[in-house]
Each structure stands twice: as C-alpha cells, then as structure tokens.
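Okay, so here's the structure we're looking at.
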Amino acid sequence: MDKYFIIDFDSTLTRVEAMDLLASISLEGKPQKEEAESKIKELTDLGMNGEISFRDSLKDRLLLLEANKSHLPQLITALKDQVSISFKRNTAFFNEYSDKIYVISNGFREYIEPIVTSLGVLPDHIFANELIFDEKGNIKGFDENNPLSKDGGKAAIIRSLDLDGDIYVIGDGHNDYEIKAAGLANKFYAFTENISREKVMEKADHIAPSLDEVLFENKINSAISYPKNRIKVLLLENVHPIGVSLLEKEGFSVEVYPAGLDEDELCEKIKGISILGLRSKTQLSRKVIESADRLMAVGAFCIGTNQIDLDACQERGVAVFNAPFSNTRSVVELAIGSIIMLIRNIFDKSVLMHHGKWDKSASGSKEIRGKKLGLIGYGNIGAQLSVLAESIGMDVYYYDTEEKLALGNATKLDSLEELLAEADVVSLHVDGRIENTNIIGKREFDLMKEGVIFLNLSRGHVVDITALKEAITSKKVAGSAVDVFPVEPKSNNDPFENELRGLPNIILTPHIGGSTEEAQVNIGQFVPARIMDYINTGTTTNSVNFPNLQLPRLQNAHRLIHIHKNVPGIIAKINQLFAEHEINIVGQYLKTNEKIGYVITDIDKAYSKDLIKALRAIDHTIKFRVLY
Ligand SMILES: NC(=O)C1=CN([C@@H]2O[C@H](COP(=O)(O)OP(=O)(O)OC[C@H]3O[C@@H](n4cnc5c(N)ncnc54)[C@H](O)[C@@H]3O)[C@@H](O)[C@H]2O)C=CC1
Ligand SMILES: O=C(O)C(=O)COP(=O)(O)O
C-alpha cells in the first residue's frame with residue numbers, strides 16, 4: 001500500500017507562522033506595529049486551536065497586515081532561513097518521495113511555493129490560498145472560492161485528490177487534525193518541533209517532535225540514525241535548568257527529578273533510560289547498571305565520580321563524563337572563607353550575639369597571614385587553593401600521592417606525616433576513591449599541631465568522624481569546617497544526623513562546596529556538551545572511563561562505533577569483515593584502555609544489514625551503534 005504524506009506549512013515545515021513574519025516586515029516603522037502583531041498572534045492561535053473559524057482568523061489577520069506585494073521577496077528570503085531543522089536535514093526524503101508528498105496549507109501560495117519547491121516538493125502537489133492585490137499591489141483579500149479559505153478546506157482538498165493509499169498528516173494545527181476527523185487520514189502526527197499545542201496533541205495519533213520521528217515510525221531512512229526524542233534522559237538531584245534545556249533543545253526526551261534515588265528506586269527508574277545525569281549523592285552501583293537496558297552515557301554533573309561504579313559502566317559500554325573543573329573555584333573560595341572564619345572563631349561569636357551576648361576579646365583569634373596551610377591532595381582544587389591562599393599571605397605546604405608541580409612558593413612534602421606535623425591549617429582535597437576511606441583518623445589527628453584548624457570539603461568517608469569529634473572535644477582541633485559526610489540526606493526534606501552537631505567552632509555545611517550559581521551554570525553547560533558530542537559523533541573527550549578520542553564531524557559517510565573487551569585480535573576481525581563485504585574505509589580511529597577497545601570506522605555510504613549483524617556478532621563485543 002502506498003503511503004502519502006500531507007504536510008502543513010506554517011510552524012510545521014517552517015519554524016514560524018509566515019503571517020507573523022509578514023506582519024513584522026509590512027508594519028515595520030508603523031506606530032500600530034506592536035499592537036497589530038500581538039493581535040495577529042492571538043488570532044493565529046485561536047484559529048489553530050479551533051476556537052474561531054479559520055476563515056475569520058485569516059480575514060482578520062490579513063486586514064491587520066497592511067501588506068503589499070513588494071514585501072513578499074523579503075518574506076520569502078526570511079522564510080528560507082526558517083525551514084524547520086528536521087525538514088532541512090531530510091531533503092533526501094523529499095526527493096525520494098516527491099510523488100507521495102503534498103503540502104496543504106491555509107497560508108498563501110505566493111510565498112509557500114518558492115520555499116517548498118526548493119525542498120523538492122512538486123508544484124502541483126502544493127495546495128494553498130491565493131492573495132488578491134489591488135492596483136497598487138496592496139493585499140486586499142484572498143480568493144474566496146479557494147476551498148482552503150473555508151473551514152474544512154484541507155479535508156476537501158484531500159477528498160478531491162482521491163489518493164489510493166494510506167494517508168499520514170503531519171501538522172501542528174487543529175485544521176490538520178480535521179483531515180483525520182473527517183475520516184480521510186490513517187494517522188495524524190502532531191508536529192511539535194516548533195510549537196506544542198495541547199489541544200492538538202490531545203487529538204493526535206502520534207506526537208512527532210521531528211520529521212525524523214515520522215520517518216522512523218514509517219521505516220523510512222532519515223538523515224539521523226535514531227530520532228533524538230526516542231533517547232530518554234533522566235536527570236537527578238536538581239541539575240541546573242540550563243543543563244536541562246540544552247538536552248531538551250537537542251531533542252532528547254528529558255525527565256527531571258529533584259532529589260537523589262536509592263538503589264532499588266534507581267533500578268526501576270533506569271529502565272529505558274539512555275542518558276543518566278546525577279550529582280554526588282546518587283550511588284550508581286553495579287546492580288543499577290546491570291538493571292539498565294538502554295544506558296549509553298552517564299553525566300556526573302559534578303567533579304567527583306566515586307559514587308559511580310566506573311568499572312561496571314565500562315564493562316557495559318557506558319561512557320561516563322563529569323565536569324572536572326567547573327566548580328573548582330567555588331570550593332576554593334569556601335575553603336578560604338572558612339579558614340578566616342574559623343581562625344577568628346567568628347561563627348560561635350556570631351551565635352552568641354544572636355543570643356544577646358557581647359564577647360569582645362582577641363583571645364584565640366588570629367590572622368591567617370604567615371600561617372602554614374597544609375594541603376592533602378594537590379589536584380585541581382588543592383592547587384588553586386594553594387595559589388589563592390598564598391596570595392593572602394599563607395605559607396603553603398602540600399602532600400600528594402602523585403608527583404605534582406609546586407605552584408608559586410608552595411612546598412612539596414614527601415609524606416602525610418610531615419605535613420600533619422607542619423601545618424597550622426590542614427585542608428583535605430583528595431579524590432573519593434575507596435582506598436581513601438578514613439585516611440584521617442585518630443593517628444593522624446594525634447600527629448597534628450595543638451589548636452590546628454581542620455577542613456574537609458572533599459568526600460565524607462575520608463575522615464573518621466568519631467576521631468574528629470574527639471579531636472575537637474579535646475581541643476586538639478581548634479576549629480573545623482566540614483562540608484561532606486559519610487552519610488548525607490537524600491534531599492532537603494530529610495534530616496541531617498551526625499555526631500559533629502553542636503560542637504564548638506565547627507562550621508557544618510550541607511555539601512555546598514560546589515553549589516554556587518556560577519559553578520552550576522558552568523556544569524550545566526559543560527556536561528551536556530560532552531554527552532551530545534558522544535551521542536552525535538562518538539567523541540569521548542573528558543570521559544572518565546572510556547579511552548579519550550576526539551573525532552572529526554561525520555561527512556557523507558556512516559560511522560560504525562564498536563566497543564569491545566580489550567582482547568587481542570578484535571580490530572583484525574572488524575577489518576576482515578569490512579574486506580569481505582567490500583567496504584571502503586574512509587577513516588578509522590582506535591583507542592584502548594586496560595579494559596575496553598573503542599574503534600570508530602567511517603565507511604562509504606553503502607553497507608548491508610549482514611555487515612552490521614556480523615559486526616555485532618564478533619566475540620567480546622560490548623556495544624555497537626551506527627551514526628549517519
Ligand atoms: N564539597 C564539594 O561540594 C566538592 C567536593 N569536591 C571534591 O574535592 C576533591 C578534590 O577535587 P579535585 O581537586 O577536583 O580532584 P583532583 O582529582 O583534581 O585532585 C585530587 C588529588 O588528590 C590526590 N590524592 C588522592 N589520594 C590521595 C591521598 N591519599 N593522599 C594525598 N593525595 C591524594 C590525587 O593524586 C590528586 O592530585 C574530590 O574528592 C572532589 O570530589 C569537588 C567539588 C565540590
Ligand atoms: O563536584 C563534586 O564532586 C561535589 O562534591 C559537588 O557535588 P554536588 O554537585 O554538589 O552534589
């Protein structure tokens with residue numbers, strides 16, 4: 001059975017309503033511009049939602065336009081730029097199916113024809129209204145005999161075409177749905193790439209956020225291998241709205257959840273999810289990863305990735321990305337602020353003041369100038385804190401298990417013990433690997449100077465909390481700032497339980513080291529960009545568990561992405577298959593790490609389904625996908 005596609009013009013084939021655009025051109029410089037434009041928009045919506053008759057809407061809008069023939073070339077040029085993105089990328093569909101595609105619009109042929117014929121639509125497959133001009137070229141009305149100027153006009157056209165086959169209508173308006181309502185179409189696709197009208201979506205057989213979705217549903221080759229709206233994204237823990245909107249703009253179906261989820265909840269929720277976004281709270285365990293059936297990528301919208309079982313992700317071919325330095329500065333500023341507050345006992349004094357007590361005294365209050373800051377962990381945060389602390393007069397010492405360049409005048413120490421004995425202020429900035437559990441406990445506090453200031457803004461499990469409590473109670477530690485805890489509440493509605501509560505000169509903060517607007521915006525932009533690069537091109541730059549490959553944009557080729565266990569001979573097997581299928585390789589990129597191999601092969605356009613089957617069947621294949 002042949003399939004016919006009936007496509008609407010305004011807000012479907014183009015991103016805008018042509019009449020709105022014409023109004024902005026014809027009313028340019030006129031005092032009534034603003035008022036007229038908003039009335040035109042209102043009338044368009046009323047008509048599109050089926051709340052007033054289409055004819056009335058059209059008539060009233062034309063009157064408000066005050067347009068002239070001379071405005072049309074400008075309108076056509078502007079509209080060419082406004083062809084909907086998914087239509088623009090699917091010109092192959094228009095060429096291949098030209099005898100099956102009709103554009104039926106209540107708009108006007110004068111501007112529709114030049115736009116849609118340039119896409120490949122045949123002139124006699126375009127049905128639209130026609131303008132009437134007066135002798136000065138002013139638009140004075142429309143041809144009232146044209147069926148499209150009347151309500152039910154689209155259905156009348158379809159009836160007259162008498163098409164022999166299945167009819168699929170793609171449009172954003174109520175008048176498109178009317179074709180289906182008249183029993184003249186097999187399916188009505190509500191097209192939502194440009195505008196989503198609730199009333200129209202309610203009536204639709206299928207919501208199509210892009211033309212790719214319609215083509216995919218009808219098993220027609222589209223310009224992209226898989227419609228983006230079918231890729232489900234789940235974002236947990238209040239990811240910044242900018243991150244949400246970037247992923248939505250990309251066309252993914254995004255669900256957001258404000259808090260973390262525990263293991264069992266996540267095992268359920270992760271089903272069907274292709275991209276998971278989380279922050280420091282959500283534990284992404286092996287059990288969760290094994291419950292996932294479509295997971296391709298994980299975005300940690302933070303620095304730390306210790307909450308994610310990276311090995312399990314790797315074994316399942318799930319690439320993990322993070323934002324390694326988007327909130328670094330925020331943590332550093334909190335550390336500097338905390339050191340000054342603690343060394344002056346400001347918090348306790350402030351609490352006393354709130355209780356009406358005036359305790360003016362210099363006893364126990366010091367400057368930070370000339371004090372020794374001991375940094376444990378000299379990574380991104382440690383190193384930046386080193387620079388800032390030095391610039392306000394501290395003497396910086398650091399200890400890192402890896403060889404690190406000393407910045408400014410910082411002094412590298414060879415052991416943790418040396419550092420603990422030296423520092424007036426100890427600040428922890430190690431990563432959250434499991435081996436770092438309780439690296440600071442009773443023994444380490446004992447090694448510190450009397451009256452030391454101690455900060456942990458890294459991860460909760462690296463400090464033995466009971467030992468810290470004892471060190472504070474015994475006055476060994478004179479002040480402490482703790483931002484991270486072995487157990488943290490799942491959301492703002494859950495209580496905070498910890499034995500450090502109520503101790504003197506201790507600043508407790510709810511894991512907000514990275515919680516500044518600047519940092520969250522940075523992260524919200526950084527992580528989606530990495531994920532989109534990965535999904536669209538296979539690029540793995542900044543992935544924390546995949547071999548890092550920066551790939552060129554795909555041009556006129558198919559990209560085959562093969563992830564496999566790193567065992568000998570896989571690449572040979574892949575290439576042998578290409579040779580057997582007489583496939584010309586345009587480019588090939590390979591990188592491995594200890595566990596997996598990542599091979600990207602760009603090939604000429606033609607390939608058979610058998611080749612894809614054979615590639616998937618290679619032993620030790622973890623994941624395989626095709627991009628084109
Ligand atoms: N409180 C908060 O909101 C935030 C906390 N963080 C946490 O801060 C920590 C540091 O972050 P970055 O500096 O970006 O990480 P990084 O990975 O750049 O630096 C960590 C450094 O610690 C060193 N290291 C690891 N174990 C060590 C040990 N036992 N002894 C001495 N050195 C050790 C590593 O060699 C590395 O140089 C991480 O745990 C991260 O998760 C990060 C951002 C915000
Ligand atoms: O970036 C990190 O590693 C942090 O600890 C900050 O985590 P958050 O995004 O606040 O859950």
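So you can find residues: chains in the structure tokens are A, B, ... in the order shown, residues in each start at 1, and ligands are numbered from 1 in order.
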Exercise for the section: Tell me, as an NGL selection string, which residues lie within 9 Å of A:Leu500, counting only C-alpha atoms; anything in the same chain fewer than 6 positions away does not count. Expected result: :A and (465-466 or 468-469 or 506 or 508)
Exercise for the section: Kindly provide, as a PyMOL selection string, all nucleotide and amino acid residues lying within 7 Å of ligand 1, counting only C-alpha atoms and all ligand atoms. Expected result: chain A and resi 302-305+324-325+327-328+331+376-382+399-402+429-432+436+439+457-459+483-484+511-515
Output the selection as a compact mmCIF listing (two decimals), in the first residue's frame - N, CA and C atoms for each residue.
# COMPACT_ATOMS: atom_id res chain seq x y z
N CYS A 302 29.04 17.11 38.34
CA CYS A 302 29.88 17.49 39.47
C CYS A 302 31.30 17.05 39.12
N ILE A 303 32.21 17.16 40.11
CA ILE A 303 33.58 16.72 39.85
C ILE A 303 33.74 15.23 40.17
N GLY A 304 33.38 14.88 41.41
CA GLY A 304 33.64 13.52 41.88
C GLY A 304 32.85 12.48 41.12
N THR A 305 33.49 11.33 40.88
CA THR A 305 32.79 10.21 40.23
C THR A 305 32.91 8.94 41.07
N PRO A 324 35.20 18.26 35.33
CA PRO A 324 36.36 18.15 36.24
C PRO A 324 36.80 19.46 36.87
N PHE A 325 36.42 20.61 36.29
CA PHE A 325 36.88 21.85 36.93
C PHE A 325 35.83 22.97 36.92
N ASN A 327 33.45 23.55 39.13
CA ASN A 327 33.11 24.14 40.42
C ASN A 327 34.34 24.29 41.33
N THR A 328 35.51 24.11 40.74
CA THR A 328 36.77 24.17 41.49
C THR A 328 36.90 25.47 42.27
N VAL A 331 34.70 25.82 45.44
CA VAL A 331 35.19 25.09 46.61
C VAL A 331 36.34 25.86 47.24
N ILE A 376 46.27 18.39 51.65
CA ILE A 376 46.39 16.96 51.34
C ILE A 376 45.62 16.74 50.05
N GLY A 377 46.34 16.45 49.00
CA GLY A 377 45.75 16.38 47.67
C GLY A 377 46.01 17.71 46.96
N TYR A 378 46.83 17.64 45.91
CA TYR A 378 47.21 18.86 45.19
C TYR A 378 46.74 18.73 43.74
N GLY A 379 45.46 18.38 43.61
CA GLY A 379 44.85 18.29 42.28
C GLY A 379 44.32 19.65 41.89
N ASN A 380 43.21 19.67 41.17
CA ASN A 380 42.67 20.95 40.68
C ASN A 380 42.32 21.88 41.83
N ILE A 381 41.63 21.36 42.84
CA ILE A 381 41.21 22.22 43.93
C ILE A 381 42.39 22.59 44.82
N GLY A 382 43.15 21.57 45.23
CA GLY A 382 44.31 21.83 46.09
C GLY A 382 45.24 22.87 45.48
N TYR A 399 50.92 17.73 50.24
CA TYR A 399 51.31 16.34 50.06
C TYR A 399 50.33 15.71 49.08
N ASP A 400 50.87 15.07 48.05
CA ASP A 400 50.02 14.36 47.08
C ASP A 400 50.68 13.03 46.78
N THR A 401 49.87 12.00 46.59
CA THR A 401 50.44 10.68 46.29
C THR A 401 51.06 10.66 44.90
N GLU A 402 50.67 11.63 44.07
CA GLU A 402 51.28 11.70 42.74
C GLU A 402 52.25 12.87 42.68
N HIS A 429 41.89 17.64 50.16
CA HIS A 429 41.34 17.76 48.80
C HIS A 429 41.69 16.56 47.95
N VAL A 430 41.55 15.39 48.57
CA VAL A 430 41.83 14.15 47.83
C VAL A 430 40.58 13.72 47.08
N ASP A 431 40.74 12.84 46.11
CA ASP A 431 39.55 12.32 45.44
C ASP A 431 38.92 11.22 46.30
N GLY A 432 37.73 10.80 45.88
CA GLY A 432 36.93 9.92 46.75
C GLY A 432 37.12 8.44 46.51
N ASN A 436 40.79 5.74 49.94
CA ASN A 436 40.97 6.93 50.77
C ASN A 436 40.04 6.95 51.99
N ILE A 439 41.36 8.10 55.73
CA ILE A 439 42.81 8.40 55.72
C ILE A 439 43.15 9.39 56.84
N LEU A 457 36.48 19.39 52.69
CA LEU A 457 35.49 19.75 51.68
C LEU A 457 35.59 18.76 50.52
N SER A 458 36.18 17.57 50.80
CA SER A 458 36.40 16.64 49.69
C SER A 458 35.32 15.56 49.65
N ARG A 459 35.49 14.51 50.41
CA ARG A 459 34.47 13.47 50.48
C ARG A 459 34.32 13.02 51.93
N ASP A 483 32.11 19.93 55.03
CA ASP A 483 31.07 20.15 54.02
C ASP A 483 30.50 18.82 53.53
N VAL A 484 31.24 17.74 53.82
CA VAL A 484 30.86 16.44 53.24
C VAL A 484 30.84 15.38 54.34
N HIS A 511 27.09 20.08 52.07
CA HIS A 511 27.73 19.71 50.79
C HIS A 511 27.46 20.78 49.71
N ILE A 512 27.90 21.98 50.03
CA ILE A 512 27.64 23.09 49.10
C ILE A 512 28.92 23.70 48.54
N GLY A 513 30.03 22.96 48.69
CA GLY A 513 31.29 23.49 48.18
C GLY A 513 31.17 23.93 46.72
N GLY A 514 30.46 23.14 45.93
CA GLY A 514 30.34 23.45 44.51
C GLY A 514 29.00 24.11 44.18
N SER A 515 28.24 24.43 45.21
CA SER A 515 26.89 24.94 44.95
C SER A 515 26.85 26.46 44.87
Problem - DSSP-assigned strand (DSSP E) members of stretch 450-525 of chain A, reported as JSON, numbers by chain - result: {"A": [452, 453, 454, 455, 456, 477, 478, 479, 480, 481, 482, 506, 507, 508]}
Exercise for the section: Please provide the set of residues having any atom within 8 Å of A:Leu554, restricted to only C-alpha atoms, with same-chain residues fewer than 3 positions apart removed, written as a count of residues only. Expected result: 6
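Comparing A:Ala383, A:Leu551, A:Ala323, A:Leu420 by their smallest distance to ligand 2, the closest is A:Ala323 (using only C-alpha atoms and all ligand atoms).
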Exercise for the section: Rank A:Gly299, A:Gly374, A:Gly479, A:Gly393 by their smallest atom-to-atom distance to ligand 2, using only C-alpha atoms and all ligand atoms, and report the top residue only. Expected result: A:Gly299
Practice task
Can you pull out every residue within 6 Å of stretch 97-112 of chain A, counting only C-alpha atoms, but drop anything in the same chain fewer than 6 positions away, and send it as a ChimeraX atom specification?
Solution key: /A:4-9,76,121,125-130,148
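All residues of stretch 192-249 of chain A that DSSP, run on the backbone, classes as alpha helix (DSSP H) are Glu198, Lys199, Val200, Met201, Glu202, Lys203, Leu211, Asp212, Glu213, Val214, Leu215, Phe216, Glu217, Pro241, Ile242, Gly243, Val244, Ser245, Leu246, Leu247, Glu248 and Lys249 of chain A.
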Exercise for the section: Find the residues near stretch 409-417 of chain A: any atom within 6 Å, counting only C-alpha atoms, skip ones fewer than 4 places away on the same chain, and give them as a ChimeraX atom specification. Expected result: /A:396-399
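What separates atom CA of A:Asn493 from atom CA of A:Leu266 is a distance of 19.0 Å.
Among the candidates A:Asn566, A:Thr509, A:Thr601, A:Gln576, the residue lying nearest to ligand 2 is A:Thr509 (atoms considered: only C-alpha atoms and all ligand atoms).
Distance-wise, atom CA of A:Met48 and atom CA of A:Asn146 end up 19.0 Å apart.
Coordinates place atom CA of A:Gly50 at a distance of 5.6 Å from atom CA of A:His174.
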Completion exercise
Min atom-atom distance to ligand 2 from the set A:Glu594, A:Glu517, A:Asp464, A:Asp348, counting only C-alpha atoms and all ligand atoms, belongs to A:Glu517
